[in-house]
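final19.cif follows; it contains mmCIF, C-alpha atoms.
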data_data
loop_
_atom_site.group_PDB
_atom_site.id
_atom_site.type_symbol
_atom_site.label_atom_id
_atom_site.label_comp_id
_atom_site.auth_asym_id
_atom_site.auth_seq_id
_atom_site.Cartn_x
_atom_site.Cartn_y
_atom_site.Cartn_z
ATOM 1 C CA MET A 2 158.838 22.535 75.577
ATOM 2 C CA THR A 3 160.256 20.678 72.577
ATOM 3 C CA VAL A 4 161.080 22.303 69.227
ATOM 4 C CA ASN A 5 162.716 21.448 65.913
ATOM 5 C CA ALA A 6 165.789 23.389 64.813
ATOM 6 C CA TYR A 7 166.021 23.124 61.020
ATOM 7 C CA ALA A 8 169.166 23.084 58.892
ATOM 8 C CA LYS A 9 169.699 25.504 56.003
ATOM 9 C CA ILE A 10 171.260 25.500 52.582
ATOM 10 C CA ASN A 11 172.575 28.443 50.583
ATOM 11 C CA LEU A 12 170.929 28.343 47.167
ATOM 12 C CA THR A 13 173.240 31.201 46.253
ATOM 13 C CA LEU A 14 176.207 32.666 48.090
ATOM 14 C CA ASP A 15 177.825 35.810 46.698
ATOM 15 C CA VAL A 16 180.823 36.961 48.701
ATOM 16 C CA LEU A 17 181.211 40.693 48.270
ATOM 17 C CA ASN A 18 183.710 42.731 50.289
ATOM 18 C CA ARG A 19 185.563 42.143 53.526
ATOM 19 C CA ARG A 20 184.735 44.498 56.387
ATOM 20 C CA ALA A 21 187.101 46.054 58.912
ATOM 21 C CA ASP A 22 185.734 43.738 61.632
ATOM 22 C CA GLY A 23 186.752 40.642 59.632
ATOM 23 C CA TYR A 24 183.244 39.695 58.498
ATOM 24 C CA HIS A 25 182.398 39.525 54.798
ATOM 25 C CA GLU A 26 179.442 41.237 53.176
ATOM 26 C CA ILE A 27 177.332 38.651 51.374
ATOM 27 C CA SER A 28 174.241 38.314 49.253
ATOM 28 C CA SER A 29 172.647 34.908 49.600
ATOM 29 C CA ILE A 30 169.399 33.004 49.187
ATOM 30 C CA MET A 31 169.051 30.906 52.336
ATOM 31 C CA GLN A 32 166.549 28.084 52.618
ATOM 32 C CA THR A 33 165.567 25.860 55.537
ATOM 33 C CA VAL A 34 165.327 22.109 54.916
ATOM 34 C CA SER A 35 163.645 19.313 56.836
ATOM 35 C CA LEU A 36 166.820 17.934 58.447
ATOM 36 C CA HIS A 37 166.613 19.128 62.052
ATOM 37 C CA ASP A 38 167.913 18.902 65.587
ATOM 38 C CA VAL A 39 165.392 18.431 68.407
ATOM 39 C CA LEU A 40 165.718 20.735 71.418
ATOM 40 C CA SER A 41 163.890 20.194 74.719
ATOM 41 C CA PHE A 42 163.684 22.992 77.285
ATOM 42 C CA LYS A 43 162.825 23.087 80.970
ATOM 43 C CA ILE A 44 162.985 26.218 83.139
ATOM 44 C CA GLU A 45 162.935 26.144 86.951
ATOM 45 C CA ASP A 46 162.916 28.972 89.488
ATOM 46 C CA ARG A 47 165.828 29.399 91.888
ATOM 47 C CA ASP A 48 165.841 30.994 95.363
ATOM 48 C CA ASP A 49 169.419 32.297 95.190
ATOM 49 C CA GLY A 50 168.825 34.714 92.307
ATOM 50 C CA GLU A 51 171.505 33.042 90.169
ATOM 51 C CA ASN A 52 171.057 31.804 86.608
ATOM 52 C CA VAL A 53 172.234 28.275 85.842
ATOM 53 C CA ILE A 54 172.348 26.720 82.375
ATOM 54 C CA VAL A 55 172.554 22.938 81.957
ATOM 55 C CA ILE A 56 173.033 21.494 78.477
ATOM 56 C CA THR A 57 173.007 17.807 77.555
ATOM 57 C CA SER A 58 173.278 16.135 74.166
ATOM 58 C CA ASN A 59 173.396 12.785 72.413
ATOM 59 C CA ASP A 60 176.511 14.035 70.576
ATOM 60 C CA GLU A 61 179.596 13.681 72.761
ATOM 61 C CA THR A 62 181.607 16.011 70.504
ATOM 62 C CA LEU A 63 179.214 18.911 71.128
ATOM 63 C CA PRO A 64 180.413 21.392 73.776
ATOM 64 C CA THR A 65 177.878 21.727 76.583
ATOM 65 C CA ASP A 66 179.602 24.530 78.496
ATOM 66 C CA CYS A 67 179.901 28.261 77.806
ATOM 67 C CA LYS A 68 181.283 27.510 74.317
ATOM 68 C CA ASN A 69 177.881 26.222 73.213
ATOM 69 C CA LEU A 70 175.835 28.786 71.271
ATOM 70 C CA CYS A 71 172.671 27.852 73.180
ATOM 71 C CA HIS A 72 174.495 28.631 76.426
ATOM 72 C CA LYS A 73 175.590 31.988 75.001
ATOM 73 C CA ALA A 74 172.022 32.665 73.833
ATOM 74 C CA CYS A 75 170.703 32.122 77.380
ATOM 75 C CA ILE A 76 173.288 34.468 78.909
ATOM 76 C CA LEU A 77 172.590 37.213 76.379
ATOM 77 C CA PHE A 78 168.811 36.807 76.686
ATOM 78 C CA PHE A 79 168.971 37.061 80.491
ATOM 79 C CA GLU A 80 171.135 40.176 80.269
ATOM 80 C CA GLU A 81 168.909 41.801 77.659
ATOM 81 C CA PHE A 82 165.718 41.385 79.706
ATOM 82 C CA GLY A 83 167.129 41.506 83.246
ATOM 83 C CA ILE A 84 166.153 37.951 84.156
ATOM 84 C CA CYS A 85 167.528 36.365 87.342
ATOM 85 C CA GLY A 86 166.940 33.224 89.395
ATOM 86 C CA LYS A 87 166.399 30.647 86.657
ATOM 87 C CA THR A 88 167.759 27.200 85.900
ATOM 88 C CA VAL A 89 167.484 26.415 82.193
ATOM 89 C CA ILE A 90 167.890 22.781 81.163
ATOM 90 C CA ILE A 91 168.390 22.145 77.449
ATOM 91 C CA ASN A 92 168.732 18.771 75.782
ATOM 92 C CA ILE A 93 170.019 18.875 72.208
ATOM 93 C CA GLU A 94 169.354 15.850 70.025
ATOM 94 C CA LYS A 95 171.885 16.454 67.254
ATOM 95 C CA ASN A 96 170.953 15.276 63.781
ATOM 96 C CA ILE A 97 172.527 18.116 61.791
ATOM 97 C CA PRO A 98 176.234 17.410 61.266
ATOM 98 C CA ILE A 99 178.597 19.820 63.020
ATOM 99 C CA ALA A 100 180.835 22.111 60.923
ATOM 100 C CA ALA A 101 178.988 21.145 57.756
ATOM 101 C CA GLY A 102 177.808 24.477 56.322
ATOM 102 C CA LEU A 103 174.233 23.617 57.351
ATOM 103 C CA GLY A 104 173.904 26.126 60.205
ATOM 104 C CA GLY A 105 173.068 23.586 62.910
ATOM 105 C CA GLY A 106 174.598 25.539 65.782
ATOM 106 C CA SER A 107 173.024 28.794 64.609
ATOM 107 C CA SER A 108 169.617 27.140 64.277
ATOM 108 C CA ASP A 109 169.846 25.661 67.797
ATOM 109 C CA CYS A 110 170.832 29.109 69.065
ATOM 110 C CA ALA A 111 167.876 30.840 67.404
ATOM 111 C CA GLU A 112 165.422 28.246 68.724
ATOM 112 C CA THR A 113 166.814 28.821 72.221
ATOM 113 C CA LEU A 114 166.062 32.552 71.978
ATOM 114 C CA LYS A 115 162.551 31.799 70.729
ATOM 115 C CA ALA A 116 161.902 29.222 73.458
ATOM 116 C CA LEU A 117 163.066 31.525 76.262
ATOM 117 C CA ASN A 118 160.984 34.327 74.803
ATOM 118 C CA LYS A 119 157.867 32.161 74.892
ATOM 119 C CA MET A 120 158.424 30.245 78.125
ATOM 120 C CA LEU A 121 159.364 33.342 80.139
ATOM 121 C CA LYS A 122 156.490 35.314 78.549
ATOM 122 C CA ILE A 123 158.752 38.137 77.360
ATOM 123 C CA ASN A 124 156.808 38.363 74.076
ATOM 124 C CA ALA A 125 159.565 40.168 72.175
ATOM 125 C CA ASP A 126 158.793 40.412 68.450
ATOM 126 C CA SER A 127 160.910 38.856 65.684
ATOM 127 C CA GLU A 128 162.753 42.105 65.015
ATOM 128 C CA LYS A 129 163.891 42.311 68.639
ATOM 129 C CA LEU A 130 164.969 38.670 68.618
ATOM 130 C CA ARG A 131 166.949 39.205 65.399
ATOM 131 C CA HIS A 132 168.663 42.184 67.055
ATOM 132 C CA ILE A 133 169.846 39.849 69.815
ATOM 133 C CA ALA A 134 170.591 37.014 67.389
ATOM 134 C CA VAL A 135 173.101 38.931 65.252
ATOM 135 C CA ARG A 136 175.279 39.384 68.331
ATOM 136 C CA LEU A 137 175.544 35.588 68.529
ATOM 137 C CA GLY A 138 176.432 34.854 64.902
ATOM 138 C CA ALA A 139 175.912 35.982 61.321
ATOM 139 C CA ASP A 140 173.508 33.126 60.448
ATOM 140 C CA VAL A 141 171.463 33.219 63.660
ATOM 141 C CA PRO A 142 169.004 36.011 62.629
ATOM 142 C CA PHE A 143 167.889 33.974 59.590
ATOM 143 C CA PHE A 144 166.727 31.114 61.804
ATOM 144 C CA ILE A 145 164.395 33.314 63.860
ATOM 145 C CA GLU A 146 161.866 32.898 61.036
ATOM 146 C CA GLY A 147 163.598 30.634 58.512
ATOM 147 C CA GLY A 148 161.894 29.633 55.273
ATOM 148 C CA CYS A 149 163.438 31.194 52.188
ATOM 149 C CA MET A 150 165.129 34.567 52.555
ATOM 150 C CA LYS A 151 167.543 36.850 50.792
ATOM 151 C CA ALA A 152 170.314 37.590 53.279
ATOM 152 C CA GLU A 153 172.542 40.647 52.900
ATOM 153 C CA GLY A 154 175.074 42.481 55.042
ATOM 154 C CA ILE A 155 176.816 39.780 57.071
ATOM 155 C CA GLY A 156 173.569 37.813 56.893
ATOM 156 C CA GLU A 157 171.418 39.902 59.243
ATOM 157 C CA ASP A 158 169.605 41.998 56.601
ATOM 158 C CA LEU A 159 166.775 39.656 55.607
ATOM 159 C CA THR A 160 164.069 39.836 52.966
ATOM 160 C CA PRO A 161 161.513 37.009 52.524
ATOM 161 C CA VAL A 162 161.510 35.329 49.108
ATOM 162 C CA LYS A 163 157.934 34.623 48.043
ATOM 163 C CA ASN A 164 156.374 31.966 45.838
ATOM 164 C CA VAL A 165 158.907 29.279 46.704
ATOM 165 C CA SER A 166 157.592 25.776 46.072
ATOM 166 C CA GLU A 167 158.664 22.646 47.939
ATOM 167 C CA HIS A 168 161.725 20.869 46.539
ATOM 168 C CA ILE A 169 163.345 17.495 47.142
ATOM 169 C CA ILE A 170 166.868 17.915 48.473
ATOM 170 C CA VAL A 171 169.722 15.438 48.826
ATOM 171 C CA LEU A 172 172.413 16.362 51.347
ATOM 172 C CA ALA A 173 175.823 14.699 51.341
ATOM 173 C CA LYS A 174 178.740 15.615 53.615
ATOM 174 C CA PRO A 175 182.257 14.491 52.637
ATOM 175 C CA THR A 176 184.514 13.020 55.275
ATOM 176 C CA GLU A 177 186.956 15.943 54.977
ATOM 177 C CA ALA A 178 186.661 18.707 57.583
ATOM 178 C CA LEU A 179 186.779 22.401 56.684
ATOM 179 C CA LEU A 180 187.108 25.470 58.892
ATOM 180 C CA SER A 181 184.981 28.408 57.787
ATOM 181 C CA GLY A 182 187.607 30.982 58.774
ATOM 182 C CA ALA A 183 190.288 29.252 56.709
ATOM 183 C CA VAL A 184 187.995 29.026 53.671
ATOM 184 C CA TYR A 185 187.216 32.755 53.764
ATOM 185 C CA LYS A 186 190.895 33.599 54.294
ATOM 186 C CA ASP A 187 191.929 31.577 51.246
ATOM 187 C CA PHE A 188 189.056 33.080 49.271
ATOM 188 C CA ASP A 189 190.379 36.591 49.924
ATOM 189 C CA GLU A 190 193.878 35.641 48.790
ATOM 190 C CA LEU A 191 192.807 33.729 45.678
ATOM 191 C CA PHE A 192 190.171 36.249 44.620
ATOM 192 C CA ASP A 193 192.725 39.058 44.784
ATOM 193 C CA ASN A 194 195.052 37.035 42.558
ATOM 194 C CA ASP A 195 192.491 35.858 39.992
ATOM 195 C CA ALA A 196 188.812 36.758 40.313
ATOM 196 C CA SER A 197 188.033 34.782 37.125
ATOM 197 C CA LEU A 198 188.369 31.542 39.118
ATOM 198 C CA PHE A 199 185.124 32.278 40.942
ATOM 199 C CA PRO A 200 181.454 32.292 39.904
ATOM 200 C CA LYS A 201 179.980 35.718 39.292
ATOM 201 C CA PRO A 202 177.385 36.961 41.818
ATOM 202 C CA SER A 203 174.120 35.180 41.025
ATOM 203 C CA THR A 204 171.637 36.108 43.751
ATOM 204 C CA GLU A 205 169.887 38.840 41.743
ATOM 205 C CA ASP A 206 169.741 36.604 38.659
ATOM 206 C CA PHE A 207 168.306 33.799 40.794
ATOM 207 C CA LEU A 208 165.531 36.105 41.998
ATOM 208 C CA SER A 209 164.711 37.530 38.562
ATOM 209 C CA GLU A 210 164.443 34.272 36.600
ATOM 210 C CA LYS A 211 161.611 31.738 36.532
ATOM 211 C CA ASN A 212 164.066 28.880 35.913
ATOM 212 C CA ARG A 213 166.348 29.384 38.893
ATOM 213 C CA TYR A 214 168.383 26.171 38.686
ATOM 214 C CA PRO A 215 171.197 27.638 36.495
ATOM 215 C CA PHE A 216 171.777 30.391 39.060
ATOM 216 C CA ILE A 217 172.329 28.149 42.071
ATOM 217 C CA SER A 218 175.973 28.851 42.910
ATOM 218 C CA ASN A 219 178.488 29.459 45.686
ATOM 219 C CA MET A 220 181.492 31.748 45.300
ATOM 220 C CA LEU A 221 183.346 29.852 48.057
ATOM 221 C CA ALA A 222 183.115 26.536 46.213
ATOM 222 C CA PRO A 223 186.403 26.838 44.239
ATOM 223 C CA VAL A 224 188.297 27.335 47.507
ATOM 224 C CA SER A 225 186.593 24.508 49.387
ATOM 225 C CA GLU A 226 186.875 22.134 46.433
ATOM 226 C CA LYS A 227 190.653 22.614 46.438
ATOM 227 C CA LYS A 228 190.690 21.604 50.102
ATOM 228 C CA ALA A 229 188.184 18.735 49.807
ATOM 229 C CA LYS A 230 188.191 16.935 46.452
ATOM 230 C CA SER A 231 185.088 14.940 47.442
ATOM 231 C CA ILE A 232 182.971 18.073 47.000
ATOM 232 C CA THR A 233 183.642 18.047 43.251
ATOM 233 C CA MET A 234 183.043 14.293 43.076
ATOM 234 C CA LEU A 235 179.724 14.592 44.890
ATOM 235 C CA LYS A 236 178.493 17.411 42.648
ATOM 236 C CA LYS A 237 179.296 15.401 39.518
ATOM 237 C CA GLU A 238 177.694 12.239 40.901
ATOM 238 C CA LEU A 239 174.500 14.046 41.876
ATOM 239 C CA LEU A 240 174.182 15.771 38.501
ATOM 240 C CA SER A 241 174.735 12.439 36.745
ATOM 241 C CA ALA A 242 171.946 10.984 38.895
ATOM 242 C CA GLY A 243 169.466 13.532 37.537
ATOM 243 C CA ALA A 244 169.775 16.503 39.896
ATOM 244 C CA LYS A 245 168.618 19.825 38.450
ATOM 245 C CA ALA A 246 171.430 21.529 40.342
ATOM 246 C CA ALA A 247 174.160 20.529 42.784
ATOM 247 C CA GLU A 248 176.257 22.889 44.871
ATOM 248 C CA MET A 249 178.077 23.270 48.156
ATOM 249 C CA THR A 250 176.303 25.046 51.013
ATOM 250 C CA GLY A 251 177.960 27.715 53.158
ATOM 251 C CA SER A 252 181.712 27.293 53.396
ATOM 252 C CA GLY A 253 181.226 23.537 53.026
ATOM 253 C CA PRO A 254 181.892 20.795 52.870
ATOM 254 C CA THR A 255 178.266 19.581 52.571
ATOM 255 C CA VAL A 256 176.864 19.375 49.046
ATOM 256 C CA PHE A 257 173.148 19.694 48.299
ATOM 257 C CA ALA A 258 171.263 18.740 45.148
ATOM 258 C CA VAL A 259 167.768 19.650 43.959
ATOM 259 C CA PHE A 260 165.633 16.919 42.413
ATOM 260 C CA ASP A 261 162.209 16.934 40.779
ATOM 261 C CA SER A 262 161.695 13.218 41.393
ATOM 262 C CA GLU A 263 161.845 11.546 44.812
ATOM 263 C CA GLU A 264 162.715 8.254 43.103
ATOM 264 C CA GLU A 265 165.727 9.856 41.408
ATOM 265 C CA ALA A 266 166.790 11.377 44.701
ATOM 266 C CA GLU A 267 166.558 8.021 46.507
ATOM 267 C CA ASN A 268 168.623 6.377 43.776
ATOM 268 C CA ALA A 269 171.197 9.166 44.031
ATOM 269 C CA VAL A 270 171.559 8.588 47.779
ATOM 270 C CA LYS A 271 172.092 4.858 47.205
ATOM 271 C CA SER A 272 174.651 5.536 44.482
ATOM 272 C CA ILE A 273 176.629 7.968 46.627
ATOM 273 C CA LYS A 274 176.716 5.604 49.588
ATOM 274 C CA ASN A 275 178.117 2.888 47.305
ATOM 275 C CA ARG A 276 180.633 5.038 45.431
ATOM 276 C CA ILE A 277 181.837 7.985 47.550
ATOM 277 C CA ALA A 278 182.934 8.123 51.190
ATOM 278 C CA THR A 279 180.635 10.417 53.136
ATOM 279 C CA SER A 280 180.016 11.020 56.817
ATOM 280 C CA PHE A 281 176.395 11.887 56.152
ATOM 281 C CA CYS A 282 173.958 11.435 53.247
ATOM 282 C CA GLY A 283 170.171 11.619 53.077
ATOM 283 C CA LEU A 284 166.995 12.835 51.353
ATOM 284 C CA TYR A 285 165.067 15.850 52.677
ATOM 285 C CA LYS A 286 162.660 18.571 51.562
ATOM 286 C CA THR A 287 162.631 22.343 51.725
ATOM 287 C CA VAL A 288 160.655 23.858 54.611
ATOM 288 C CA ASN A 289 159.003 27.217 54.079
ATOM 289 C CA ASN A 290 156.634 27.578 57.036
ATOM 290 C CA ILE A 291 158.432 27.251 60.361
#
In structure tokens, what does this structure look like?
Amino acid sequence: MTVNAYAKINLTLDVLNRRADGYHEISSIMQTVSLHDVLSFKIEDRDDGENVIVITSNDETLPTDCKNLCHKACILFFEEFGICGKTVIINIEKNIPIAAGLGGGSSDCAETLKALNKMLKINADSEKLRHIAVRLGADVPFFIEGGCMKAEGIGEDLTPVKNVSEHIIVLAKPTEALLSGAVYKDFDELFDNDASLFPKPSTEDFLSEKNRYPFISNMLAPVSEKKAKSITMLKKELLSAGAKAAEMTGSGPTVFAVFDSEEEAENAVKSIKNRIATSFCGLYKTVNNI
């Protein structure tokens, strides 16, 4: 069985309060885009009653042991449904950059749960799969269905956003690396000192307006832009190239831009590759029916 695991962008990201468990409450509009990993699955029966998980990948930097989210998804799925005596072989063709704010690991994880559910004929519904998914990561429940959703809580409380048309998206990842935990930590400190530095929550405005471009925003952006100056440069370059909106996704450092014209988007990609150092840059589209 072979499936696509799509990346996501955060069209809005409002960071609300920090919880006792260290997670942050958010309100966000999450959207899948056509950039995707390709996962291939094979399941074999074993006579010894043990479960074995084998993961391979074209990306040598990707962990293939118990640190991999797909590995963790298999273990949790087997425990949840009492499954024994299986060898699961997963090959991950990585196209989504790692640690980019695009949810690649979470998407791979969700697709693993869905594949096991189908191949082992468990037939659990989406709600049950999301219940398992949230134990693997805050973004994982979103990828069970994907499309465009309002995400609340830590990201597990999902509401579909209707009437979303297809958009042309440029994605550009700076060469700087950012750690999500460090970004949220600095956000807490800076927000306590001066909340005026940060965009106001925009998710509800985004949902209530017909022209949603002005309400695309990310409250983590001021923190990440201090750590990675290329984020600011990319946003300015993309807006100058005709983007309707340009913003960072997740905790960064990847920047996305929304274009009405594919020609403008292609020209923007060429301009960025000539002018700004990036580790990844390309043209994609939103995906609303996974």
Test item: the PyMOL selection byres ((chain A and resi 17) around 8) resolved as an NGL selection string
:A and (15-16 or 18-19 or 25-28)
Between CA of Met220 (chain A) and CA of Leu14 (chain A), distance in Å (one decimal)
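Here the two named atoms are 6.0 Å from each other.
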Since I can't run it myself right now, could you work out what the PyMOL selection byres ((chain A and resi 29) around 9) selects here and report it as a list in words?
Asn11, Leu12, Thr13, Leu14, Asp15, Val16, Ile27, Ser28, Ile30, Met31, Met150, Lys151, Ala152, Glu153, Gly156, Ser203, Thr204 and Asn219 of chain A
What would the file look like if the residues just selected were written as an mmCIF file, in the coordinates of the input with C-alpha atoms?
data_model
loop_
_atom_site.group_PDB
_atom_site.id
_atom_site.type_symbol
_atom_site.label_atom_id
_atom_site.label_comp_id
_atom_site.auth_asym_id
_atom_site.auth_seq_id
_atom_site.Cartn_x
_atom_site.Cartn_y
_atom_site.Cartn_z
ATOM 1 C CA ASN A 11 172.575 28.443 50.583
ATOM 2 C CA LEU A 12 170.929 28.343 47.167
ATOM 3 C CA THR A 13 173.240 31.201 46.253
ATOM 4 C CA LEU A 14 176.207 32.666 48.090
ATOM 5 C CA ASP A 15 177.825 35.810 46.698
ATOM 6 C CA VAL A 16 180.823 36.961 48.701
ATOM 7 C CA ILE A 27 177.332 38.651 51.374
ATOM 8 C CA SER A 28 174.241 38.314 49.253
ATOM 9 C CA ILE A 30 169.399 33.004 49.187
ATOM 10 C CA MET A 31 169.051 30.906 52.336
ATOM 11 C CA MET A 150 165.129 34.567 52.555
ATOM 12 C CA LYS A 151 167.543 36.850 50.792
ATOM 13 C CA ALA A 152 170.314 37.590 53.279
ATOM 14 C CA GLU A 153 172.542 40.647 52.900
ATOM 15 C CA GLY A 156 173.569 37.813 56.893
ATOM 16 C CA SER A 203 174.120 35.180 41.025
ATOM 17 C CA THR A 204 171.637 36.108 43.751
ATOM 18 C CA ASN A 219 178.488 29.459 45.686
#
Which residues match the PyMOL selection byres ((chain A and resi 168) around 6) in the file above, as a list in words?
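When the PyMOL selection byres ((chain A and resi 168) around 6) is applied to the shown file, the picked residues are Glu167, Ile169, Lys286 and Thr287 of chain A.
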Just the number, please: distance in Å from CA of Ser231 (chain A) to CA of Glu265 (chain A), one decimal.
20.9 Å
Among the residues A:Glu45, A:Asp109, A:Asp60, A:Asp195, the one that comes closest to Tyr7 (chain A) [using all atoms listed in the file]
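When distances to Tyr7 (chain A) are compared using all atoms listed in the file, the smallest one comes from A:Asp109.
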Nearest-residue call for Ile54 (chain A), choices A:Cys85, A:Ala173, A:Leu235, A:Val224, using all atoms listed in the file:
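Of A:Cys85, A:Ala173, A:Leu235, A:Val224, the one nearest Ile54 (chain A) is A:Cys85, counting all atoms listed in the file.
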Counting all atoms listed in the file, the residue of A:Ala125, A:Ala116, A:Val184, A:Ala244 that sits nearest Lys228 (chain A)
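Counting all atoms listed in the file, the residue closest to Lys228 (chain A) is A:Val184.
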Measure the distance from CA of Ala222 (chain A) to CA of Val288 (chain A) in Å and round it to one decimal.
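Answer for the CA of Ala222 (chain A) to CA of Val288 (chain A) separation: 24.1 Å.
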So which residues touch Phe144 (chain A) within 8 Å, counting only C-alpha atoms, skipping near sequence neighbours fewer than 4 positions away, as a PyMOL selection string?
chain A and resi 107-108+111-112+140
